[in-house]
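Undergrad: Structure supplied as run02.cif; contents: mmCIF, C-alpha atoms and all ligand atoms.
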```cif
data_input
loop_
_atom_site.group_PDB
_atom_site.id
_atom_site.type_symbol
_atom_site.label_atom_id
_atom_site.label_comp_id
_atom_site.auth_asym_id
_atom_site.auth_seq_id
_atom_site.Cartn_x
_atom_site.Cartn_y
_atom_site.Cartn_z
ATOM 1 C CA SER B 75 42.217 23.949 176.898
ATOM 2 C CA VAL B 76 45.712 23.915 175.435
ATOM 3 C CA LYS B 77 46.354 27.070 177.458
ATOM 4 C CA GLN B 78 45.935 25.048 180.663
ATOM 5 C CA LEU B 79 48.104 22.120 179.568
ATOM 6 C CA PRO B 80 50.963 21.759 182.071
ATOM 7 C CA LEU B 81 54.400 22.138 180.475
ATOM 8 C CA THR B 82 57.460 20.245 181.680
ATOM 9 C CA LEU B 83 60.981 21.342 180.815
ATOM 10 C CA ILE B 84 63.500 18.563 180.308
ATOM 11 C CA VAL B 85 67.173 19.493 180.206
ATOM 12 C CA ALA B 86 70.637 18.183 180.940
ATOM 13 C CA ALA B 87 73.142 20.765 182.211
ATOM 14 C CA THR B 88 76.687 21.063 183.542
ATOM 15 C CA PRO B 89 77.462 22.562 186.989
ATOM 16 C CA LYS B 90 77.603 26.003 185.284
ATOM 17 C CA ASN B 91 74.236 25.374 183.552
ATOM 18 C CA GLY B 92 75.885 24.692 180.191
ATOM 19 C CA ILE B 93 73.552 22.857 177.793
ATOM 20 C CA GLY B 94 75.209 23.118 174.396
ATOM 21 C CA ASN B 95 78.394 23.771 172.467
ATOM 22 C CA LYS B 96 78.863 24.486 168.756
ATOM 23 C CA GLY B 97 75.377 23.293 167.833
ATOM 24 C CA ALA B 98 75.582 20.014 169.765
ATOM 25 C CA LEU B 99 75.483 18.631 173.289
ATOM 26 C CA PRO B 100 78.676 19.544 175.230
ATOM 27 C CA TRP B 101 79.406 15.969 176.374
ATOM 28 C CA PRO B 102 80.170 12.741 174.502
ATOM 29 C CA MET B 103 77.171 10.443 173.962
ATOM 30 C CA LEU B 104 75.756 9.453 177.353
ATOM 31 C CA LYS B 105 73.707 6.397 176.387
ATOM 32 C CA LYS B 106 71.861 5.949 179.690
ATOM 33 C CA GLU B 107 71.016 9.634 179.938
ATOM 34 C CA MET B 108 69.729 9.812 176.349
ATOM 35 C CA ALA B 109 67.701 6.635 176.931
ATOM 36 C CA TYR B 110 66.140 8.275 180.033
ATOM 37 C CA PHE B 111 65.229 11.335 177.935
ATOM 38 C CA ALA B 112 63.610 9.116 175.298
ATOM 39 C CA ARG B 113 61.692 6.951 177.829
ATOM 40 C CA VAL B 114 60.424 9.856 179.891
ATOM 41 C CA THR B 115 59.327 11.974 176.920
ATOM 42 C CA LYS B 116 57.530 8.971 175.356
ATOM 43 C CA ARG B 117 55.718 7.705 178.466
ATOM 44 C CA VAL B 118 52.068 8.789 178.532
ATOM 45 C CA PRO B 119 50.786 9.206 182.086
ATOM 46 C CA MET B 120 47.977 7.039 183.369
ATOM 47 C CA PRO B 121 44.700 8.963 183.681
ATOM 48 C CA THR B 122 44.133 10.172 187.257
ATOM 49 C CA ASN B 123 42.288 7.219 188.759
ATOM 50 C CA THR B 124 41.454 6.129 192.287
ATOM 51 C CA GLY B 125 44.944 4.879 193.047
ATOM 52 C CA SER B 126 47.985 3.016 191.822
ATOM 53 C CA VAL B 127 46.456 0.098 189.892
ATOM 54 C CA PRO B 128 46.342 0.786 186.161
ATOM 55 C CA SER B 129 42.892 -0.066 184.895
ATOM 56 C CA ASP B 130 42.552 -2.690 182.152
ATOM 57 C CA ALA B 131 40.853 -0.030 180.079
ATOM 58 C CA TRP B 132 43.858 2.233 180.375
ATOM 59 C CA LYS B 133 46.351 -0.543 179.582
ATOM 60 C CA GLN B 134 44.277 -1.336 176.512
ATOM 61 C CA ALA B 135 44.041 2.313 175.511
ATOM 62 C CA ASN B 136 47.765 2.821 175.943
ATOM 63 C CA LEU B 137 48.533 -0.175 173.726
ATOM 64 C CA GLU B 138 46.163 1.257 171.157
ATOM 65 C CA ASN B 139 48.249 4.414 171.199
ATOM 66 C CA THR B 140 45.358 6.780 171.808
ATOM 67 C CA ARG B 141 47.500 9.574 173.184
ATOM 68 C CA ARG B 142 50.924 10.951 172.385
ATOM 69 C CA ASN B 143 53.254 13.226 174.291
ATOM 70 C CA VAL B 144 54.468 16.409 172.640
ATOM 71 C CA VAL B 145 58.059 17.658 172.407
ATOM 72 C CA ILE B 146 58.465 21.384 171.762
ATOM 73 C CA MET B 147 61.842 22.623 170.558
ATOM 74 C CA GLY B 148 63.520 25.566 168.907
ATOM 75 C CA ARG B 149 64.849 25.381 165.360
ATOM 76 C CA LYS B 150 68.495 25.071 166.433
ATOM 77 C CA THR B 151 67.638 22.111 168.672
ATOM 78 C CA TRP B 152 65.768 20.531 165.733
ATOM 79 C CA ASP B 153 68.898 20.977 163.583
ATOM 80 C CA SER B 154 71.052 19.435 166.346
ATOM 81 C CA ILE B 155 69.119 16.143 166.339
ATOM 82 C CA PRO B 156 70.691 13.549 164.020
ATOM 83 C CA PRO B 157 68.431 13.320 160.912
ATOM 84 C CA LYS B 158 67.865 9.598 161.525
ATOM 85 C CA PHE B 159 66.332 10.394 164.951
ATOM 86 C CA ARG B 160 64.025 13.223 163.872
ATOM 87 C CA PRO B 161 61.182 13.783 164.150
ATOM 88 C CA LEU B 162 61.627 12.184 167.590
ATOM 89 C CA LYS B 163 59.603 8.987 167.232
ATOM 90 C CA ASP B 164 56.394 8.190 169.140
ATOM 91 C CA ARG B 165 56.058 11.880 170.077
ATOM 92 C CA THR B 166 54.376 14.801 168.324
ATOM 93 C CA ASN B 167 57.165 17.230 167.405
ATOM 94 C CA ILE B 168 56.583 21.010 167.487
ATOM 95 C CA VAL B 169 59.380 23.184 166.084
ATOM 96 C CA ILE B 170 59.458 26.899 166.936
ATOM 97 C CA SER B 171 60.702 29.086 164.078
ATOM 98 C CA THR B 172 59.917 32.381 162.379
ATOM 99 C CA GLN B 173 60.769 30.723 159.044
ATOM 100 C CA ASP B 174 58.224 28.991 156.842
ATOM 101 C CA ARG B 175 58.269 25.169 157.219
ATOM 102 C CA ALA B 176 59.390 24.808 153.570
ATOM 103 C CA LYS B 177 62.660 26.569 154.457
ATOM 104 C CA LEU B 178 63.448 24.272 157.381
ATOM 105 C CA ASP B 179 65.611 21.168 157.226
ATOM 106 C CA GLY B 180 63.984 17.737 157.374
ATOM 107 C CA ILE B 181 60.470 18.823 158.414
ATOM 108 C CA SER B 182 57.920 16.105 157.527
ATOM 109 C CA ASP B 183 54.091 16.194 157.493
ATOM 110 C CA GLY B 184 53.474 15.299 161.134
ATOM 111 C CA VAL B 185 55.738 18.056 162.471
ATOM 112 C CA VAL B 186 54.031 21.266 163.623
ATOM 113 C CA VAL B 187 55.935 24.498 162.874
ATOM 114 C CA ALA B 188 54.888 27.653 164.722
ATOM 115 C CA GLY B 189 56.235 31.045 165.742
ATOM 116 C CA ASP B 190 55.922 30.491 169.483
ATOM 117 C CA ILE B 191 55.026 27.811 172.041
ATOM 118 C CA MET B 192 51.345 28.735 172.511
ATOM 119 C CA SER B 193 50.726 29.068 168.741
ATOM 120 C CA GLY B 194 52.329 25.657 168.274
ATOM 121 C CA LEU B 195 50.054 24.079 170.875
ATOM 122 C CA GLU B 196 47.008 25.803 169.326
ATOM 123 C CA ALA B 197 47.989 24.524 165.855
ATOM 124 C CA LEU B 198 48.298 21.032 167.335
ATOM 125 C CA GLU B 199 44.903 21.358 169.049
ATOM 126 C CA GLN B 200 43.447 22.181 165.621
ATOM 127 C CA ARG B 201 45.046 19.066 164.106
ATOM 128 C CA VAL B 202 43.662 16.925 166.931
ATOM 129 C CA ARG B 203 40.163 18.374 166.320
ATOM 130 C CA ASP B 204 40.516 17.549 162.601
ATOM 131 C CA GLY B 205 41.638 14.014 163.426
ATOM 132 C CA HIS B 206 45.122 14.592 161.947
ATOM 133 C CA ALA B 207 46.988 14.174 165.254
ATOM 134 C CA LEU B 208 46.518 12.049 168.375
ATOM 135 C CA PRO B 209 45.262 13.713 171.572
ATOM 136 C CA VAL B 210 48.010 15.134 173.749
ATOM 137 C CA GLY B 211 49.431 13.299 176.765
ATOM 138 C CA ARG B 212 52.210 15.312 178.366
ATOM 139 C CA ALA B 213 53.924 18.331 176.801
ATOM 140 C CA PHE B 214 57.712 18.661 177.146
ATOM 141 C CA VAL B 215 59.862 21.655 176.273
ATOM 142 C CA ILE B 216 63.216 20.257 175.132
ATOM 143 C CA GLY B 217 65.167 23.464 174.431
ATOM 144 C CA GLY B 218 67.281 25.299 173.578
ATOM 145 C CA SER B 219 67.951 28.290 175.756
ATOM 146 C CA SER B 220 65.561 30.797 174.160
ATOM 147 C CA ILE B 221 62.716 28.254 174.183
ATOM 148 C CA TYR B 222 63.449 27.311 177.823
ATOM 149 C CA SER B 223 63.428 31.013 178.657
ATOM 150 C CA ALA B 224 60.067 31.586 176.948
ATOM 151 C CA ALA B 225 58.591 28.482 178.619
ATOM 152 C CA MET B 226 59.666 29.598 182.096
ATOM 153 C CA GLU B 227 57.700 32.838 181.573
ATOM 154 C CA LEU B 228 54.509 30.811 181.051
ATOM 155 C CA PRO B 229 52.392 30.178 184.169
ATOM 156 C CA GLN B 230 51.608 26.578 183.102
ATOM 157 C CA THR B 231 55.308 25.615 183.346
ATOM 158 C CA LYS B 232 55.463 24.014 186.790
ATOM 159 C CA SER B 233 58.084 21.261 186.493
ATOM 160 C CA ILE B 234 61.677 20.905 185.334
ATOM 161 C CA LEU B 235 63.296 17.512 184.837
ATOM 162 C CA LEU B 236 66.960 18.397 185.186
ATOM 163 C CA THR B 237 69.858 16.039 184.701
ATOM 164 C CA ARG B 238 72.836 17.530 186.507
ATOM 165 C CA ILE B 239 76.023 16.499 184.694
ATOM 166 C CA HIS B 240 78.875 16.449 187.191
ATOM 167 C CA LYS B 241 81.552 17.661 184.808
ATOM 168 C CA ASP B 242 82.476 21.109 183.569
ATOM 169 C CA TYR B 243 82.396 20.779 179.763
ATOM 170 C CA GLU B 244 83.095 23.726 177.463
ATOM 171 C CA CYS B 245 79.745 25.314 176.571
ATOM 172 C CA ASP B 246 78.520 28.252 174.490
ATOM 173 C CA THR B 247 74.809 27.821 175.358
ATOM 174 C CA PHE B 248 73.345 27.926 178.858
ATOM 175 C CA PHE B 249 70.135 27.143 180.682
ATOM 176 C CA PRO B 250 68.553 30.554 181.412
ATOM 177 C CA GLY B 251 68.218 31.839 184.944
ATOM 178 C CA ASP B 252 68.952 30.446 188.373
ATOM 179 C CA LEU B 253 66.433 27.865 189.612
ATOM 180 C CA GLU B 254 66.845 28.327 193.358
ATOM 181 C CA SER B 255 66.375 32.094 193.213
ATOM 182 C CA ALA B 256 63.378 32.036 190.854
ATOM 183 C CA GLY B 257 61.072 30.110 193.204
ATOM 184 C CA TRP B 258 61.945 26.664 191.873
ATOM 185 C CA ARG B 259 62.355 23.991 194.570
ATOM 186 C CA GLN B 260 64.158 20.706 194.217
ATOM 187 C CA GLN B 261 61.769 17.828 194.982
ATOM 188 C CA THR B 262 62.657 14.518 196.624
ATOM 189 C CA CYS B 263 63.858 11.486 194.708
ATOM 190 C CA GLN B 264 60.514 9.792 195.496
ATOM 191 C CA GLU B 265 58.596 12.717 193.990
ATOM 192 C CA LEU B 266 60.762 12.386 190.878
ATOM 193 C CA ARG B 267 60.004 8.633 190.704
ATOM 194 C CA ASP B 268 56.278 9.298 190.956
ATOM 195 C CA TYR B 269 56.546 11.993 188.282
ATOM 196 C CA VAL B 270 58.455 9.921 185.715
ATOM 197 C CA ASP B 271 56.793 6.645 186.781
ATOM 198 C CA GLU B 272 60.064 4.724 186.952
ATOM 199 C CA GLU B 273 62.813 3.864 189.405
ATOM 200 C CA VAL B 274 65.416 6.586 189.896
ATOM 201 C CA PRO B 275 68.520 5.957 192.036
ATOM 202 C CA GLU B 276 69.474 8.327 194.860
ATOM 203 C CA GLU B 277 73.160 8.029 193.947
ATOM 204 C CA PRO B 278 74.699 9.470 190.787
ATOM 205 C CA LEU B 279 74.841 7.237 187.704
ATOM 206 C CA THR B 280 77.909 6.922 185.526
ATOM 207 C CA ASP B 281 78.058 6.762 181.766
ATOM 208 C CA GLY B 282 80.454 7.502 178.939
ATOM 209 C CA ASN B 283 83.167 5.586 177.116
ATOM 210 C CA ALA B 284 86.492 4.032 178.082
ATOM 211 C CA GLU B 285 88.168 7.432 177.570
ATOM 212 C CA GLU B 286 86.092 9.256 180.137
ATOM 213 C CA GLN B 287 83.506 8.351 182.718
ATOM 214 C CA VAL B 288 80.910 10.981 183.552
ATOM 215 C CA SER B 289 78.617 10.995 186.559
ATOM 216 C CA PHE B 290 75.196 12.630 186.591
ATOM 217 C CA GLN B 291 72.011 12.781 188.636
ATOM 218 C CA TYR B 292 68.336 13.037 187.704
ATOM 219 C CA GLN B 293 66.432 15.784 189.523
ATOM 220 C CA LEU B 294 62.944 17.320 189.616
ATOM 221 C CA TYR B 295 62.282 21.007 190.301
ATOM 222 C CA GLN B 296 58.811 22.441 190.761
ATOM 223 C CA ARG B 297 57.240 25.777 191.615
ATOM 224 C CA PRO B 298 53.909 26.478 193.288
HETATM 225 N N1 LIG J 1 67.260 16.413 178.269
HETATM 226 C C1 LIG J 1 68.060 15.456 178.758
HETATM 227 N N2 LIG J 1 67.856 15.009 179.992
HETATM 228 N N3 LIG J 1 69.049 14.955 178.040
HETATM 229 C C2 LIG J 1 69.284 15.385 176.779
HETATM 230 O O1 LIG J 1 70.233 14.890 176.134
HETATM 231 C C3 LIG J 1 68.465 16.373 176.222
HETATM 232 N N4 LIG J 1 68.652 16.811 174.939
HETATM 233 C C4 LIG J 1 67.848 17.731 174.459
HETATM 234 C C5 LIG J 1 66.826 18.244 175.277
HETATM 235 N N5 LIG J 1 66.638 17.836 176.518
HETATM 236 C C6 LIG J 1 67.455 16.879 177.006
HETATM 237 C C7 LIG J 1 67.992 18.225 173.062
HETATM 238 N N6 LIG J 1 68.928 17.468 172.257
HETATM 239 C C8 LIG J 1 68.113 13.671 170.691
HETATM 240 C C9 LIG J 1 69.289 14.349 170.354
HETATM 241 C C10 LIG J 1 69.544 15.612 170.887
HETATM 242 C C11 LIG J 1 68.633 16.212 171.741
HETATM 243 C C12 LIG J 1 67.478 15.526 172.077
HETATM 244 C C13 LIG J 1 67.229 14.259 171.549
HETATM 245 C C14 LIG J 1 67.841 12.323 170.133
HETATM 246 O O2 LIG J 1 68.392 11.926 169.127
HETATM 247 N N7 LIG J 1 66.964 11.538 170.799
HETATM 248 C C15 LIG J 1 66.497 10.211 170.398
HETATM 249 C C16 LIG J 1 67.315 9.105 171.034
HETATM 250 C C17 LIG J 1 68.515 8.798 170.252
HETATM 251 C C18 LIG J 1 69.325 7.618 170.815
HETATM 252 O O3 LIG J 1 68.715 6.693 171.401
HETATM 253 O O4 LIG J 1 70.549 7.664 170.678
HETATM 254 C C19 LIG J 1 65.082 10.027 170.928
HETATM 255 O O5 LIG J 1 64.382 9.177 170.389
HETATM 256 O O6 LIG J 1 64.701 10.737 171.883
#
```
Output the file's structure in the form of structure tokens.
TA:
Amino acid sequence: SVKQLPLTLIVAATPKNGIGNKGALPWPMLKKEMAYFARVTKRVPMPTNTGSVPSDAWKQANLENTRRNVVIMGRKTWDSIPPKFRPLKDRTNIVISTQDRAKLDGISDGVVVAGDIMSGLEALEQRVRDGHALPVGRAFVIGGSSIYSAAMELPQTKSILLTRIHKDYECDTFFPGDLESAGWRQQTCQELRDYVDEEVPEEPLTDGNAEEQVSFQYQLYQRP
């Protein structure tokens, strides 16, 4: 059943598809953008009901924390997260590495370590069966480039939440491949709103510090 779980990529990238530089994000802290990442990866979707009204049962269940989203990342992305923020809270963290978990930095009990994405999801499925992890809500692939690349090869990867950063920062790591040419289609702002279950503005947002203002836009790409 884990083999049918839809995977969503979430990524922020410059106009040249840059996603990282020297083991960190290429841009200064973008508070609003990072808050969007945290909200979206934490939000568990409502079970497919008749319509738009959340049932009392679901509201209750969600408060009781009966399901948790998963974030899947490569080892370098794990290392790039400030220790005080990892594992990313309120989400089940899966770290992809060929190393044994004992050799990795800051890995705690709840974190799943596996050699590839599907093995990680299978290991998590096992933990859920044993009652050691909460059932899975949504599964997000959060990078970096080799993990994005592997995820895009998987047939269950149908959606990409892309934040386009409208500034050309120096980067040494890039999002793999070209979306438009690989059958990925940009969806409307309304489709993005429905997907993330929150308001998203049509116009670019701005963030950054007094030194520099950066504009960016939230987008959704999907493939059939
Ligand atoms: N996708 C998007 N849209 N923006 C990103 O910054 C992003 N970053 C990664 C993957 N996909 C992304 C990978 N890098 C944290 C740090 C780096 C990181 C991902 C997450 C992190 O510390 N997140 C905390 C929030 C910290 C805060 O509020 O400052 C979290 O709880 O998610």
Undergrad: Once you count only C-alpha atoms and all ligand atoms, which residues end up within 7 Å of ligand LIG 1 (chain J), and could you hand them over as a list in words?
TA: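 Within the 7 Å cut-off, the matching residues are Ile84, Val85, Ala86, Leu99, Lys105, Glu107, Met108, Ala109, Tyr110, Phe111, Ala112, Thr151, Ser154, Ile155, Pro156, Phe159, Arg160, Leu162, Lys163, Ile216, Gly217, Leu236 and Thr237 of chain B.
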Undergrad: Please enumerate the residues selected by the PyMOL selection byres (((chain B and resi 235) around 10) and not hetatm) when evaluated against the supplied file, formatted as a compact mmCIF listing (two decimals) with C-alpha atoms, in the frame of the given file.
TA:
```txt
# COMPACT_ATOMS: atom_id res chain seq x y z
CA THR B 82 57.46 20.24 181.68
CA LEU B 83 60.98 21.34 180.82
CA ILE B 84 63.50 18.56 180.31
CA VAL B 85 67.17 19.49 180.21
CA ALA B 86 70.64 18.18 180.94
CA PHE B 111 65.23 11.34 177.94
CA VAL B 114 60.42 9.86 179.89
CA PHE B 214 57.71 18.66 177.15
CA SER B 233 58.08 21.26 186.49
CA ILE B 234 61.68 20.90 185.33
CA LEU B 236 66.96 18.40 185.19
CA THR B 237 69.86 16.04 184.70
CA ARG B 238 72.84 17.53 186.51
CA GLN B 260 64.16 20.71 194.22
CA LEU B 266 60.76 12.39 190.88
CA TYR B 269 56.55 11.99 188.28
CA VAL B 270 58.46 9.92 185.72
CA TYR B 292 68.34 13.04 187.70
CA GLN B 293 66.43 15.78 189.52
CA LEU B 294 62.94 17.32 189.62
CA TYR B 295 62.28 21.01 190.30
CA GLN B 296 58.81 22.44 190.76
```
Undergrad: How many Å lie between CA of Val186 in chain B and CA of Ala87 in chain B, rounded to one decimal?
TA: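 Between these atoms lies a distance of 26.7 Å.
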Undergrad: Got a sec to resolve the PyMOL selection byres (((chain B and resi 192) around 12) and not hetatm) on this structure and send the residues as a VMD selection string?
TA: chain B and resid 75 to 81 146 168 to 170 186 to 191 193 to 199 213 215 221 224 to 225 227 to 231
Undergrad: Restricting the calculation to all atoms listed in the file, which member of B:Ser182, B:Glu265, B:Leu279, B:Ser255 is positioned closest to Ile239 in chain B?
TA: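 Looking at the shortest contact to Ile239 in chain B, the residue is B:Leu279.
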Undergrad: I'd like the interatomic distance between CA of Asp281 in chain B and CA of Lys158 in chain B, to a tenth of an Å.
TA: 22.8 Å
Undergrad: Evaluating the PyMOL selection byres (((chain B and resi 276-278) around 8) and not hetatm) on the displayed file yields which residues, as a compact mmCIF listing (two decimals) with C-alpha atoms, in the coordinates of the input?
TA:
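Output saved as out.txt:
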```
# COMPACT_ATOMS: atom_id res chain seq x y z
CA CYS B 263 63.86 11.49 194.71
CA VAL B 274 65.42 6.59 189.90
CA PRO B 275 68.52 5.96 192.04
CA LEU B 279 74.84 7.24 187.70
CA THR B 280 77.91 6.92 185.53
CA SER B 289 78.62 11.00 186.56
CA PHE B 290 75.20 12.63 186.59
CA GLN B 291 72.01 12.78 188.64
CA TYR B 292 68.34 13.04 187.70
```
Undergrad: Quick one: axis-aligned box around all listed atoms of range 280-289 of chain B, 4 Å on every side, centre and edge lengths in Å to one decimal, written as JSON.
TA:
```
{"center_x": 83.0, "center_y": 7.5, "center_z": 181.8, "size_x": 18.3, "size_y": 15.0, "size_z": 17.4}
```
Undergrad: What does the distance from CA of Asp246 in chain B to CA of Gly92 in chain B come to in Å, to one decimal?
TA: 7.2 Å
Undergrad: With N, CA, C and O atoms as the goal, would you fill in the gaps in range 161-178 of chain B and present it as an mmCIF file, keeping the file's coordinate frame?
TA:
```
data_model
loop_
_atom_site.group_PDB
_atom_site.id
_atom_site.type_symbol
_atom_site.label_atom_id
_atom_site.label_comp_id
_atom_site.auth_asym_id
_atom_site.auth_seq_id
_atom_site.Cartn_x
_atom_site.Cartn_y
_atom_site.Cartn_z
ATOM 1 N N PRO B 161 61.765 13.348 162.880
ATOM 2 C CA PRO B 161 61.182 13.783 164.150
ATOM 3 C C PRO B 161 61.356 12.716 165.230
ATOM 4 O O PRO B 161 61.400 11.526 164.907
ATOM 5 N N LEU B 162 61.471 13.135 166.493
ATOM 6 C CA LEU B 162 61.627 12.184 167.590
ATOM 7 C C LEU B 162 60.422 11.241 167.579
ATOM 8 O O LEU B 162 59.275 11.687 167.601
ATOM 9 N N LYS B 163 60.691 9.947 167.500
ATOM 10 C CA LYS B 163 59.603 8.987 167.232
ATOM 11 C C LYS B 163 58.687 8.796 168.443
ATOM 12 O O LYS B 163 59.120 8.964 169.593
ATOM 13 N N ASP B 164 57.453 8.431 168.140
ATOM 14 C CA ASP B 164 56.394 8.190 169.140
ATOM 15 C C ASP B 164 56.040 9.434 169.946
ATOM 16 O O ASP B 164 55.464 9.336 171.031
ATOM 17 N N ARG B 165 56.416 10.616 169.454
ATOM 18 C CA ARG B 165 56.058 11.880 170.077
ATOM 19 C C ARG B 165 55.660 12.864 168.981
ATOM 20 O O ARG B 165 56.198 12.798 167.870
ATOM 21 N N THR B 166 54.714 13.760 169.293
ATOM 22 C CA THR B 166 54.376 14.801 168.324
ATOM 23 C C THR B 166 55.409 15.920 168.466
ATOM 24 O O THR B 166 55.606 16.453 169.550
ATOM 25 N N ASN B 167 56.088 16.227 167.375
ATOM 26 C CA ASN B 167 57.165 17.230 167.405
ATOM 27 C C ASN B 167 56.629 18.606 167.001
ATOM 28 O O ASN B 167 55.988 18.747 165.961
ATOM 29 N N ILE B 168 56.890 19.614 167.832
ATOM 30 C CA ILE B 168 56.583 21.010 167.487
ATOM 31 C C ILE B 168 57.904 21.770 167.408
ATOM 32 O O ILE B 168 58.695 21.732 168.361
ATOM 33 N N VAL B 169 58.145 22.410 166.266
ATOM 34 C CA VAL B 169 59.380 23.184 166.084
ATOM 35 C C VAL B 169 59.015 24.672 166.037
ATOM 36 O O VAL B 169 58.120 25.075 165.292
ATOM 37 N N ILE B 170 59.700 25.456 166.865
ATOM 38 C CA ILE B 170 59.458 26.899 166.936
ATOM 39 C C ILE B 170 60.441 27.617 166.016
ATOM 40 O O ILE B 170 61.665 27.491 166.178
ATOM 41 N N SER B 171 59.869 28.351 165.028
ATOM 42 C CA SER B 171 60.702 29.086 164.078
ATOM 43 C C SER B 171 59.894 30.219 163.479
ATOM 44 O O SER B 171 58.676 30.119 163.347
ATOM 45 N N THR B 172 60.584 31.289 163.084
ATOM 46 C CA THR B 172 59.917 32.381 162.379
ATOM 47 C C THR B 172 59.910 32.104 160.874
ATOM 48 O O THR B 172 59.186 32.751 160.125
ATOM 49 N N GLN B 173 60.716 31.117 160.458
ATOM 50 C CA GLN B 173 60.769 30.723 159.044
ATOM 51 C C GLN B 173 59.566 29.877 158.658
ATOM 52 O O GLN B 173 58.980 29.191 159.493
ATOM 53 N N ASP B 174 59.242 29.876 157.398
ATOM 54 C CA ASP B 174 58.224 28.991 156.842
ATOM 55 C C ASP B 174 58.739 27.553 156.893
ATOM 56 O O ASP B 174 59.942 27.331 156.748
ATOM 57 N N ARG B 175 57.837 26.572 157.099
ATOM 58 C CA ARG B 175 58.269 25.169 157.219
ATOM 59 C C ARG B 175 59.039 24.681 155.985
ATOM 60 O O ARG B 175 59.936 23.836 156.107
ATOM 61 N N ALA B 176 58.706 25.211 154.809
ATOM 62 C CA ALA B 176 59.390 24.808 153.570
ATOM 63 C C ALA B 176 60.886 25.123 153.611
ATOM 64 O O ALA B 176 61.687 24.462 152.956
ATOM 65 N N LYS B 177 61.243 26.152 154.392
ATOM 66 C CA LYS B 177 62.660 26.569 154.457
ATOM 67 C C LYS B 177 63.455 25.803 155.516
ATOM 68 O O LYS B 177 64.672 25.985 155.624
ATOM 69 N N LEU B 178 62.767 24.974 156.294
ATOM 70 C CA LEU B 178 63.448 24.272 157.381
ATOM 71 C C LEU B 178 63.906 22.892 156.926
ATOM 72 O O LEU B 178 63.304 22.277 156.048
#
```
